[in-house]
>>> print(open('structure.tsv').read())   # TSV, C-alpha atoms and all ligand atoms
chain	number	residue	atom	x	y	z
H	113	MET	CA	-26.90	-45.93	66.02
H	114	LEU	CA	-24.78	-46.81	63.01
H	115	SER	CA	-24.07	-44.14	60.43
H	116	SER	CA	-22.13	-43.97	57.18
H	117	LYS	CA	-19.21	-41.89	56.03
H	118	ILE	CA	-17.51	-41.24	52.71
H	119	ALA	CA	-14.15	-42.94	53.31
H	120	GLY	CA	-12.49	-42.57	49.89
H	121	ILE	CA	-13.16	-40.76	46.61
H	122	GLY	CA	-11.81	-41.40	43.11
H	123	LYS	CA	-12.45	-40.23	39.57
H	124	TYR	CA	-11.51	-41.08	36.01
H	125	LEU	CA	-11.84	-38.81	33.00
H	126	PRO	CA	-10.91	-39.98	29.50
H	127	ALA	CA	-7.89	-38.17	28.02
H	128	ASN	CA	-9.69	-37.05	24.84
H	129	VAL	CA	-10.71	-33.38	25.24
H	130	VAL	CA	-13.47	-32.18	22.87
H	131	THR	CA	-13.91	-28.42	22.72
H	132	ASN	CA	-17.01	-26.51	21.68
H	133	GLN	CA	-15.12	-25.53	18.56
H	134	ASP	CA	-14.52	-29.22	17.74
H	135	LEU	CA	-18.31	-29.80	17.74
H	136	THR	CA	-18.82	-27.21	15.00
H	137	ALA	CA	-17.38	-29.78	12.57
H	138	TYR	CA	-20.53	-31.91	13.02
H	139	MET	CA	-23.40	-29.49	13.64
H	140	GLU	CA	-24.45	-25.87	13.37
H	141	THR	CA	-23.37	-24.46	16.71
H	142	SER	CA	-20.79	-22.09	18.14
H	143	ASN	CA	-18.53	-21.76	21.15
H	144	GLU	CA	-20.35	-18.54	22.09
H	145	TRP	CA	-23.81	-20.19	22.06
H	146	ILE	CA	-22.70	-23.12	24.19
H	147	VAL	CA	-20.75	-21.03	26.72
H	148	GLU	CA	-23.51	-18.45	27.08
H	149	ARG	CA	-26.39	-20.97	27.46
H	150	THR	CA	-24.59	-23.63	29.51
H	151	GLY	CA	-21.17	-22.52	30.80
H	152	ILE	CA	-19.57	-25.58	29.17
H	153	GLN	CA	-16.24	-25.01	27.36
H	154	GLU	CA	-15.13	-28.58	26.76
H	155	ARG	CA	-15.92	-32.18	27.66
H	156	ARG	CA	-14.15	-35.54	27.52
H	157	TYR	CA	-15.08	-38.40	25.18
H	158	ALA	CA	-14.09	-41.96	25.95
H	159	HIS	CA	-12.15	-44.01	23.41
H	160	ARG	CA	-14.68	-45.52	21.01
H	161	THR	CA	-13.76	-49.14	21.71
H	162	GLU	CA	-11.22	-49.31	24.53
H	163	GLU	CA	-13.09	-47.31	27.17
H	164	THR	CA	-16.58	-48.19	28.38
H	165	THR	CA	-18.79	-47.06	31.24
H	166	THR	CA	-17.40	-50.01	33.23
H	167	THR	CA	-13.70	-49.58	32.41
H	168	MET	CA	-13.87	-45.92	33.49
H	169	ALA	CA	-15.75	-46.92	36.64
H	170	VAL	CA	-13.11	-49.49	37.53
H	171	GLU	CA	-10.34	-46.88	37.31
H	172	ALA	CA	-12.28	-44.49	39.57
H	173	ALA	CA	-13.13	-47.34	41.97
H	174	LYS	CA	-9.50	-48.45	42.32
H	175	ILE	CA	-8.53	-44.95	43.46
H	176	ALA	CA	-11.51	-44.62	45.84
H	177	ILE	CA	-10.74	-48.01	47.41
H	178	GLU	CA	-7.06	-47.21	47.82
H	179	ARG	CA	-7.82	-43.80	49.36
H	180	ALA	CA	-10.25	-45.48	51.74
H	181	GLY	CA	-7.27	-47.54	52.93
H	182	THR	CA	-8.89	-50.80	51.97
H	183	THR	CA	-8.84	-53.41	49.22
H	184	ALA	CA	-11.36	-54.73	46.69
H	185	GLU	CA	-11.71	-57.92	48.81
H	186	GLU	CA	-13.05	-55.87	51.71
H	187	ILE	CA	-15.93	-54.37	49.71
H	188	ASP	CA	-19.24	-56.02	50.63
H	189	PHE	CA	-21.63	-54.47	48.13
H	190	ILE	CA	-21.53	-52.54	44.84
H	191	ILE	CA	-24.06	-49.90	43.78
H	192	PHE	CA	-23.63	-48.64	40.24
H	193	ALA	CA	-25.51	-45.62	38.87
H	194	THR	CA	-25.57	-45.03	35.12
H	195	LEU	CA	-27.89	-44.26	32.23
H	196	SER	CA	-25.36	-45.42	29.65
H	197	PRO	CA	-24.56	-49.01	30.67
H	198	ASP	CA	-22.25	-51.24	28.64
H	199	TYR	CA	-25.15	-53.62	27.94
H	200	TYR	CA	-28.89	-53.60	28.39
H	201	PHE	CA	-28.05	-56.44	30.78
H	202	PRO	CA	-26.05	-57.55	32.71
H	203	GLY	CA	-25.66	-54.31	34.61
H	204	CYS	CA	-22.36	-52.56	35.13
H	205	GLY	CA	-22.21	-53.51	38.84
H	206	VAL	CA	-21.71	-57.14	37.88
H	207	LEU	CA	-19.04	-56.15	35.36
H	208	VAL	CA	-17.15	-54.22	38.04
H	209	GLN	CA	-17.28	-57.25	40.34
H	210	ARG	CA	-15.73	-59.34	37.56
H	211	ALA	CA	-13.15	-56.76	36.44
H	212	MET	CA	-11.90	-56.15	39.98
H	213	GLY	CA	-11.88	-59.81	40.97
H	214	MET	CA	-14.11	-59.12	43.95
H	215	LYS	CA	-15.82	-61.65	46.17
H	216	GLU	CA	-19.28	-62.88	45.08
H	217	ILE	CA	-20.96	-59.90	46.72
H	218	GLY	CA	-24.22	-58.27	45.71
H	219	ALA	CA	-24.19	-55.72	42.88
H	220	LEU	CA	-27.08	-53.36	42.28
H	221	ASP	CA	-27.57	-51.06	39.29
H	222	ILE	CA	-29.44	-47.81	39.83
H	223	ARG	CA	-31.39	-46.31	36.94
H	224	ASN	CA	-32.09	-42.79	38.03
H	225	GLN	CA	-30.18	-40.86	35.41
H	226	CYS	CA	-28.42	-37.70	36.61
H	227	SER	CA	-29.81	-38.23	40.14
H	228	GLY	CA	-28.38	-41.75	40.18
H	229	PHE	CA	-25.31	-41.14	42.32
H	230	VAL	CA	-27.22	-39.44	45.14
H	231	TYR	CA	-29.88	-42.18	44.96
H	232	ALA	CA	-27.06	-44.74	45.21
H	233	LEU	CA	-25.58	-42.89	48.18
H	234	SER	CA	-28.95	-42.98	49.90
H	235	VAL	CA	-29.35	-46.72	49.27
H	236	ALA	CA	-25.83	-47.36	50.58
H	237	ASP	CA	-26.60	-45.27	53.67
H	238	GLN	CA	-29.62	-47.45	54.46
H	239	PHE	CA	-27.65	-50.71	54.13
H	240	ILE	CA	-24.97	-49.32	56.43
H	241	LYS	CA	-27.52	-48.11	59.01
H	242	THR	CA	-29.18	-51.52	59.22
H	243	GLY	CA	-25.78	-53.07	59.88
H	244	MET	CA	-25.97	-55.27	56.80
H	245	TYR	CA	-22.79	-53.98	55.13
H	246	LYS	CA	-19.62	-52.21	56.21
H	247	ASN	CA	-17.86	-51.08	53.01
H	248	ILE	CA	-19.99	-50.24	49.98
H	249	LEU	CA	-18.56	-49.17	46.63
H	250	VAL	CA	-20.81	-46.50	45.09
H	251	ILE	CA	-20.12	-45.57	41.47
H	252	GLY	CA	-21.49	-43.06	38.97
H	253	SER	CA	-20.15	-43.54	35.43
H	254	GLU	CA	-21.27	-42.56	31.94
H	255	LYS	CA	-20.18	-43.02	28.37
H	256	HIS	CA	-22.58	-40.62	26.67
H	257	SER	CA	-20.52	-40.04	23.55
H	258	PHE	CA	-21.70	-43.28	21.90
H	259	GLY	CA	-25.39	-42.32	22.19
H	260	LEU	CA	-25.66	-38.71	21.09
H	261	ASP	CA	-27.14	-37.33	17.90
H	262	PHE	CA	-24.33	-35.23	16.43
H	263	SER	CA	-26.47	-33.79	13.65
H	264	THR	CA	-27.85	-30.26	13.98
H	265	ARG	CA	-31.20	-31.82	14.98
H	266	GLY	CA	-29.65	-33.19	18.18
H	267	ARG	CA	-27.45	-30.19	19.02
H	268	ASN	CA	-29.43	-28.97	22.05
H	269	VAL	CA	-28.57	-32.28	23.75
H	270	SER	CA	-25.24	-33.38	22.30
H	271	VAL	CA	-23.32	-30.23	23.24
H	272	ILE	CA	-24.18	-30.71	26.92
H	273	PHE	CA	-23.01	-34.22	27.69
H	274	GLY	CA	-19.57	-35.70	28.37
H	275	ASP	CA	-18.02	-38.94	29.60
H	276	GLY	CA	-16.41	-39.78	32.94
H	277	ALA	CA	-16.64	-41.71	36.18
H	278	GLY	CA	-16.52	-41.12	39.91
H	279	ALA	CA	-16.59	-43.53	42.83
H	280	VAL	CA	-16.71	-43.45	46.61
H	281	VAL	CA	-16.38	-46.00	49.37
H	282	ILE	CA	-19.17	-45.62	51.92
H	283	ARG	CA	-18.09	-47.06	55.25
H	284	ARG	CA	-19.83	-47.80	58.52
H	285	ALA	CA	-18.98	-45.29	61.26
H	286	ASP	CA	-19.74	-46.48	64.77
H	287	GLU	CA	-21.07	-44.35	67.61
H	288	SER	CA	-17.63	-43.33	68.84
H	289	GLU	CA	-16.81	-41.72	65.47
H	290	THR	CA	-18.97	-38.66	65.96
H	291	ASP	CA	-16.50	-36.39	64.18
H	292	ALA	CA	-15.40	-38.72	61.37
H	293	PRO	CA	-15.10	-36.72	58.12
H	294	GLY	CA	-17.62	-37.42	55.36
H	295	ARG	CA	-20.52	-38.46	57.62
H	296	VAL	CA	-23.85	-38.68	55.81
H	297	LEU	CA	-26.36	-36.68	57.87
H	298	SER	CA	-29.41	-36.97	55.63
H	299	THR	CA	-30.65	-38.10	52.23
H	300	VAL	CA	-33.88	-37.39	50.35
H	301	MET	CA	-35.19	-38.68	47.02
H	302	GLY	CA	-38.13	-37.76	44.79
H	303	THR	CA	-39.72	-38.36	41.40
H	304	ASP	CA	-42.45	-36.94	39.16
H	305	GLY	CA	-43.26	-39.54	36.53
H	306	THR	CA	-45.89	-37.31	34.91
H	307	LEU	CA	-42.92	-35.59	33.24
H	308	ALA	CA	-41.19	-38.78	32.12
H	309	ASP	CA	-41.48	-37.83	28.44
H	310	VAL	CA	-39.69	-34.49	28.77
H	311	LEU	CA	-36.22	-36.07	29.00
H	312	LYS	CA	-35.71	-39.61	27.82
H	313	VAL	CA	-34.17	-42.12	25.45
H	314	PRO	CA	-37.43	-43.15	23.77
H	315	GLY	CA	-36.29	-46.22	21.83
H	316	GLY	CA	-34.68	-49.54	22.55
H	317	GLY	CA	-36.97	-50.65	25.38
H	318	SER	CA	-40.08	-52.81	25.19
H	319	ALA	CA	-42.39	-49.81	24.58
H	320	CYS	CA	-40.52	-48.76	21.45
H	321	PRO	CA	-38.14	-51.33	20.00
H	322	ILE	CA	-35.75	-49.99	17.38
H	323	THR	CA	-36.89	-51.05	13.91
H	324	PRO	CA	-35.71	-50.33	10.36
H	325	GLU	CA	-38.72	-47.96	10.10
H	326	ASN	CA	-37.88	-45.77	13.13
H	327	VAL	CA	-34.07	-45.96	13.19
H	328	GLU	CA	-33.76	-42.75	11.15
H	329	LEU	CA	-35.37	-40.80	14.02
H	330	HIS	CA	-32.47	-41.79	16.31
H	331	PRO	CA	-34.77	-43.22	19.00
H	332	ASN	CA	-31.74	-44.58	20.88
H	333	THR	CA	-30.40	-41.09	21.66
H	334	ILE	CA	-31.38	-38.64	24.40
H	335	HIS	CA	-34.43	-36.49	23.59
H	336	MET	CA	-34.98	-33.43	25.78
H	337	GLU	CA	-37.25	-30.41	26.04
H	338	GLY	CA	-34.54	-28.07	27.31
H	339	ARG	CA	-36.61	-25.23	28.73
H	340	GLU	CA	-39.02	-27.50	30.58
H	341	THR	CA	-36.08	-29.45	32.01
H	342	PHE	CA	-34.34	-26.27	33.08
H	343	LYS	CA	-37.40	-24.97	34.95
H	344	HIS	CA	-38.03	-28.17	36.89
H	345	ALA	CA	-34.31	-28.68	37.63
H	346	VAL	CA	-34.18	-25.35	39.48
H	347	THR	CA	-37.40	-25.94	41.46
H	348	ARG	CA	-36.73	-29.54	42.42
H	349	MET	CA	-33.07	-29.10	43.32
H	350	LEU	CA	-34.02	-26.21	45.55
H	351	GLU	CA	-36.80	-28.19	47.28
H	352	ALA	CA	-34.61	-31.27	47.71
H	353	SER	CA	-31.79	-29.17	49.19
H	354	GLN	CA	-34.14	-27.57	51.69
H	355	GLN	CA	-35.60	-30.96	52.70
H	356	ALA	CA	-32.19	-32.58	53.17
H	357	LEU	CA	-31.02	-29.61	55.26
H	358	GLU	CA	-34.16	-29.67	57.38
H	359	ILE	CA	-33.78	-33.40	58.12
H	360	ALA	CA	-30.17	-32.72	59.15
H	361	GLY	CA	-31.39	-29.93	61.47
H	362	LEU	CA	-29.53	-27.29	59.43
H	363	THR	CA	-30.30	-24.35	57.15
H	364	ALA	CA	-28.71	-23.05	53.96
H	365	ALA	CA	-26.73	-20.55	56.05
H	366	ASP	CA	-24.84	-23.50	57.60
H	367	VAL	CA	-23.68	-24.82	54.22
H	368	SER	CA	-19.94	-24.47	53.52
H	369	LEU	CA	-20.06	-25.96	50.03
H	370	VAL	CA	-22.80	-27.03	47.63
H	371	ILE	CA	-21.79	-29.74	45.18
H	372	PRO	CA	-24.66	-29.70	42.69
H	373	HIS	CA	-25.21	-31.89	39.66
H	374	GLN	CA	-23.25	-30.22	36.87
H	375	ALA	CA	-25.76	-29.70	34.07
H	376	ASN	CA	-25.83	-25.99	33.38
H	377	ALA	CA	-24.11	-23.00	35.03
H	378	ARG	CA	-27.34	-20.99	34.88
H	379	ILE	CA	-29.27	-23.71	36.74
H	380	ILE	CA	-26.57	-23.81	39.43
H	381	SER	CA	-26.49	-20.01	39.78
H	382	ALA	CA	-30.29	-19.89	40.08
H	383	ILE	CA	-30.22	-22.46	42.91
H	384	ALA	CA	-27.40	-20.62	44.73
H	385	GLU	CA	-29.36	-17.39	44.48
H	386	ARG	CA	-32.52	-18.98	45.88
H	387	LEU	CA	-30.57	-20.57	48.73
H	388	ASN	CA	-29.04	-17.14	49.34
H	389	LEU	CA	-25.53	-18.56	48.99
H	390	PRO	CA	-22.65	-16.75	47.27
H	391	LEU	CA	-21.19	-18.56	44.25
H	392	ASP	CA	-17.89	-19.11	46.07
H	393	ARG	CA	-19.75	-21.64	48.21
H	394	VAL	CA	-20.88	-23.57	45.15
H	395	PHE	CA	-18.61	-26.01	43.32
H	396	MET	CA	-18.58	-25.89	39.52
H	397	ASN	CA	-16.42	-27.84	37.07
H	398	LEU	CA	-18.89	-28.26	34.20
H	399	ASP	CA	-16.80	-25.90	32.08
H	400	LYS	CA	-14.24	-28.75	31.78
H	401	TYR	CA	-16.42	-31.85	31.63
H	402	GLY	CA	-20.00	-30.89	30.66
H	403	ASN	CA	-22.78	-33.02	32.08
H	404	THR	CA	-21.50	-36.49	32.95
H	405	SER	CA	-24.89	-37.43	34.52
H	406	ALA	CA	-24.40	-39.91	37.39
H	407	ALA	CA	-20.68	-39.09	37.49
H	408	THR	CA	-20.88	-35.32	38.03
H	409	ILE	CA	-21.16	-35.34	41.82
H	410	PRO	CA	-18.45	-37.91	42.69
H	411	VAL	CA	-16.09	-36.28	40.16
H	412	ALA	CA	-16.80	-32.86	41.69
H	413	LEU	CA	-16.40	-34.27	45.22
H	414	ASP	CA	-12.98	-35.59	44.28
H	415	GLU	CA	-11.91	-32.25	42.79
H	416	ALA	CA	-13.30	-30.26	45.73
H	417	ASN	CA	-11.39	-32.54	48.09
H	418	LYS	CA	-8.17	-32.16	46.14
H	419	ALA	CA	-8.59	-28.39	46.06
H	420	GLY	CA	-8.79	-28.37	49.88
H	421	ARG	CA	-12.43	-27.27	49.82
H	422	LEU	CA	-13.68	-30.03	52.14
H	423	LYS	CA	-12.44	-28.92	55.54
H	424	LYS	CA	-13.08	-30.56	58.87
H	425	GLY	CA	-16.53	-29.67	60.18
H	426	ASP	CA	-17.77	-28.31	56.83
H	427	VAL	CA	-21.40	-28.92	55.90
H	428	VAL	CA	-21.48	-30.16	52.29
H	429	LEU	CA	-24.76	-30.24	50.38
H	430	LEU	CA	-25.07	-32.64	47.43
H	431	VAL	CA	-28.05	-32.16	45.13
H	432	ALA	CA	-29.01	-33.68	41.79
H	433	PHE	CA	-31.79	-33.71	39.21
H	434	GLY	CA	-32.37	-35.87	36.17
H	435	GLY	CA	-34.69	-37.55	33.70
H	436	GLY	CA	-37.81	-39.13	35.13
H	437	PHE	CA	-37.98	-36.52	36.53
H	438	THR	CA	-35.94	-37.63	39.51
H	439	TRP	CA	-34.12	-35.62	42.16
H	440	ALA	CA	-32.14	-36.31	45.32
H	441	SER	CA	-30.08	-34.51	47.92
H	442	SER	CA	-27.79	-35.37	50.80
H	443	VAL	CA	-26.09	-33.42	53.57
H	444	VAL	CA	-22.61	-34.58	54.53
H	445	ARG	CA	-20.51	-33.30	57.45
H	446	TRP	CA	-16.80	-33.19	56.68
H	501	LIG	N1	-26.09	-24.39	19.16
H	501	LIG	C1	-26.72	-23.38	18.56
H	501	LIG	N2	-28.06	-23.19	18.63
H	501	LIG	C2	-28.77	-24.08	19.32
H	501	LIG	C3	-28.17	-25.18	19.96
H	501	LIG	C4	-26.78	-25.32	19.85
H	501	LIG	N3	-26.10	-26.33	20.43
H	501	LIG	N4	-29.14	-25.89	20.57
H	501	LIG	C5	-30.30	-25.28	20.32
H	501	LIG	N5	-30.09	-24.18	19.55
H	501	LIG	C6	-31.06	-23.22	19.03
H	501	LIG	C7	-32.44	-23.80	18.90
H	501	LIG	O1	-32.58	-24.50	17.69
H	501	LIG	C8	-33.29	-22.58	18.97
H	501	LIG	O2	-33.28	-21.95	17.71
H	501	LIG	P1	-34.58	-21.17	17.15
H	501	LIG	O3	-34.85	-20.09	18.16
H	501	LIG	O4	-34.13	-20.71	15.81
H	501	LIG	O5	-35.68	-22.21	17.12
H	501	LIG	C9	-32.55	-21.68	19.95
H	501	LIG	O6	-31.20	-22.16	19.98
H	501	LIG	C10	-33.13	-21.71	21.35
H	501	LIG	O7	-33.33	-23.08	21.70
H	501	LIG	P2	-33.79	-23.51	23.13
H	501	LIG	O8	-33.77	-25.00	23.20
H	501	LIG	O9	-35.07	-22.81	23.48
H	501	LIG	O10	-32.57	-22.89	23.96
H	501	LIG	P3	-32.39	-22.68	25.51
H	501	LIG	O11	-32.08	-21.27	25.79
H	501	LIG	O12	-33.48	-23.35	26.30
H	501	LIG	O13	-31.05	-23.50	25.75
H	501	LIG	C11	-30.42	-25.62	26.67
H	501	LIG	C12	-31.02	-24.88	25.49
H	501	LIG	C13	-30.47	-27.10	26.34
H	501	LIG	C14	-28.98	-25.17	26.84
H	501	LIG	C15	-31.22	-25.29	27.95
H	501	LIG	O14	-32.60	-25.41	27.70
H	501	LIG	C16	-30.85	-26.16	29.09
H	501	LIG	O15	-29.71	-26.17	29.54
H	501	LIG	N6	-31.82	-26.88	29.65
H	501	LIG	C17	-31.57	-27.78	30.76
H	501	LIG	C18	-30.86	-28.98	30.23
H	501	LIG	C19	-30.37	-29.87	31.30
H	501	LIG	O16	-29.89	-29.42	32.30
H	501	LIG	N7	-30.48	-31.17	31.04
H	501	LIG	C20	-29.96	-32.16	31.87
H	501	LIG	C21	-30.77	-32.29	33.10
H	501	LIG	S1	-30.14	-33.58	34.02
>>> encode(input="structure.tsv", output="structure tokens", more="lines below")
Ligand code: COA
Amino acid sequence: MLSSKIAGIGKYLPANVVTNQDLTAYMETSNEWIVERTGIQERRYAHRTEETTTTMAVEAAKIAIERAGTTAEEIDFIIFATLSPDYYFPGCGVLVQRAMGMKEIGALDIRNQCSGFVYALSVADQFIKTGMYKNILVIGSEKHSFGLDFSTRGRNVSVIFGDGAGAVVIRRADESETDAPGRVLSTVMGTDGTLADVLKVPGGGSACPITPENVELHPNTIHMEGRETFKHAVTRMLEASQQALEIAGLTAADVSLVIPHQANARIISAIAERLNLPLDRVFMNLDKYGNTSAATIPVALDEANKAGRLKKGDVVLLVAFGGGFTWASSVVRW
């Protein structure tokens, strides 16, 4: 049977570092509040005009493709996860195809918010398993900084999010490659649409067009009930992790490293505790980048790899949660 493996990883973070202290110029907040409630110390903001969700994605993709020892011409499909696309349409996948001068391959945009990258990984895994494609470029990229409410009213949301991009090349592994690093052993996905209103960008779609009458309410920015989101994030990420491990025939005790969606240090600690895993087996970099939604997991994968934390034979658990609510998890053998 065909299986897929992560063959190359890349990331791109904008150079502009925005500290918690910097945010106090716009809203009533403090470094202490943000660090204590979230663990975030700073985040990156893309250049207002020169960097977009797509330009950051392209930089991450170039690195992932090079590290996979291939070229853009060899990619047969693009899957792009984002909640902050350059345009309402066309999607960012198409823009990557153009920017990288790729063949006229298929490009699919995934709209599953912070779970988007793991959803995209799962979709790629299916296309590889059917034999349809051999090298799939999977991207998670976000430019949140353009769509946040920087007034005190929006502070519970705006302090959390940052910009950045991560990309991987998912490649077909044939039967002889039973010990190839980065093999995807399982993926699971879930949603609960009854909670769709808890975390969303309410305006700008067909249900609530932006009008002169409602523009003052900032309907085009992220609205979130923080506590409700927190509670469900812990429960669903735990469930998804357990399901993905079970499908892979493993338990939490087998996990060498968890790479969770980077939303909040307290959410991550709560999941580690419930999985009975010490924090040194959990990767965290949200202190530097905040929540970059679909980009958190590929960025963290890249940094874990660089830090030598993905060793041969390691069981790596990826798990994400986002607006929708949506959640997803995957077990990868390094
Ligand atoms: N700085 C200072 N005070 C803030 C603040 C900020 N940035 N944001 C909110 N507050 C205030 C509130 O106004 C409130 O004040 P009040 O008690 O006078 O009304 C108080 O802090 C508590 O607000 P609350 O929203 O209940 O705080 P919280 O402890 O739930 O923390 C979050 C807020 C957003 C940090 C937390 O709920 C969270 O992380 N939730 C999950 C978010 C998440 O992961 N989202 C992405 C999922 S993909």
>>> residues_around(input="structure.tsv", residues="Glu351 in chain H", least_positions_apart="4", cutoff="10 Å", atoms="only C-alpha atoms", output="ChimeraX atom specification")
/H:302,345-347,355-357,383,387,431,439-441
>>> atom_distance(input="structure.tsv", atom1="CA of Asn132 in chain H", atom2="CA of Ala308 in chain H")
29.1 Å
>>> closest_residue(input="structure.tsv", among="H:Gly294, H:Gly266, H:Gly276, H:Gly203", to="ligand LIG 501 (chain H)", atoms="all atoms listed in the file")
H:Gly266
>>> residues_around(input="structure.tsv", residues="His159 in chain H", least_positions_apart="6", cutoff="9 Å", atoms="all atoms listed in the file", output="list of chain:residue names")
H:Pro126, H:Ala127, H:Asn128
>>> residues_near_ligand(input="structure.tsv", ligand="ligand LIG 501 (chain H)", cutoff="7 Å", atoms="all atoms listed in the file", output="VMD selection string")
chain H and resid 140 to 142 145 to 146 149 to 150 226 267 to 269 271 338 to 339 341 to 342 345 375 to 376 405 433 to 435
>>> residues_around(input="structure.tsv", residues="range 176-191 of chain H", least_positions_apart="6", cutoff="8 Å", atoms="all atoms listed in the file", output="list in words")
Ala119, Gly120, Ile121, Gly122, Lys123, Gly205, Gln209, Met212, Gly213, Met214, Lys215, Ile217, Gly218, Ala219, Leu220, Asp221, Ile222, Ala232, Ala236, Tyr245, Lys246, Asn247, Ile248, Leu249, Val250, Ile251, Ala279, Val280 and Val281 of chain H
>>> closest_residue(input="structure.tsv", among="H:Ile175, H:Val327, H:Ala382, H:Val208", to="Met349 in chain H", atoms="only C-alpha atoms")
H:Ala382
>>> atom_distance(input="structure.tsv", atom1="CA of Val170 in chain H", atom2="CA of Leu125 in chain H")
11.7 Å
>>> closest_residue(input="structure.tsv", among="H:Gly274, H:Gly317, H:Asp261, H:Val427", to="Leu297 in chain H", atoms="only C-alpha atoms")
H:Val427
>>> closest_residue(input="structure.tsv", among="H:Glu337, H:Glu162, H:Asp134, H:Glu154", to="Asn397 in chain H", atoms="only C-alpha atoms")
H:Glu154
>>> atom_distance(input="structure.tsv", atom1="CA of Arg283 in chain H", atom2="CA of His373 in chain H")
22.9 Å
>>> residues_around(input="structure.tsv", residues="Val130 in chain H", least_positions_apart="4", cutoff="12 Å", atoms="all atoms listed in the file", output="PyMOL selection string")
chain H and resi 126+134-137+143+152-159+257+270-275+399-402
>>> residues_around(input="structure.tsv", residues="range 284-291 of chain H", least_positions_apart="5", cutoff="6 Å", atoms="only C-alpha atoms", output="PDB file with C-alpha atoms, keeping the file's coordinate frame")
ATOM      1  CA  LEU H 114     -24.780 -46.810  63.010  1.00  0.00           C
ATOM      2  CA  SER H 115     -24.070 -44.140  60.430  1.00  0.00           C
ATOM      3  CA  SER H 116     -22.130 -43.970  57.180  1.00  0.00           C
ATOM      4  CA  ILE H 240     -24.970 -49.320  56.430  1.00  0.00           C
ATOM      5  CA  LYS H 246     -19.620 -52.210  56.210  1.00  0.00           C
TER       6      LYS H 246
END
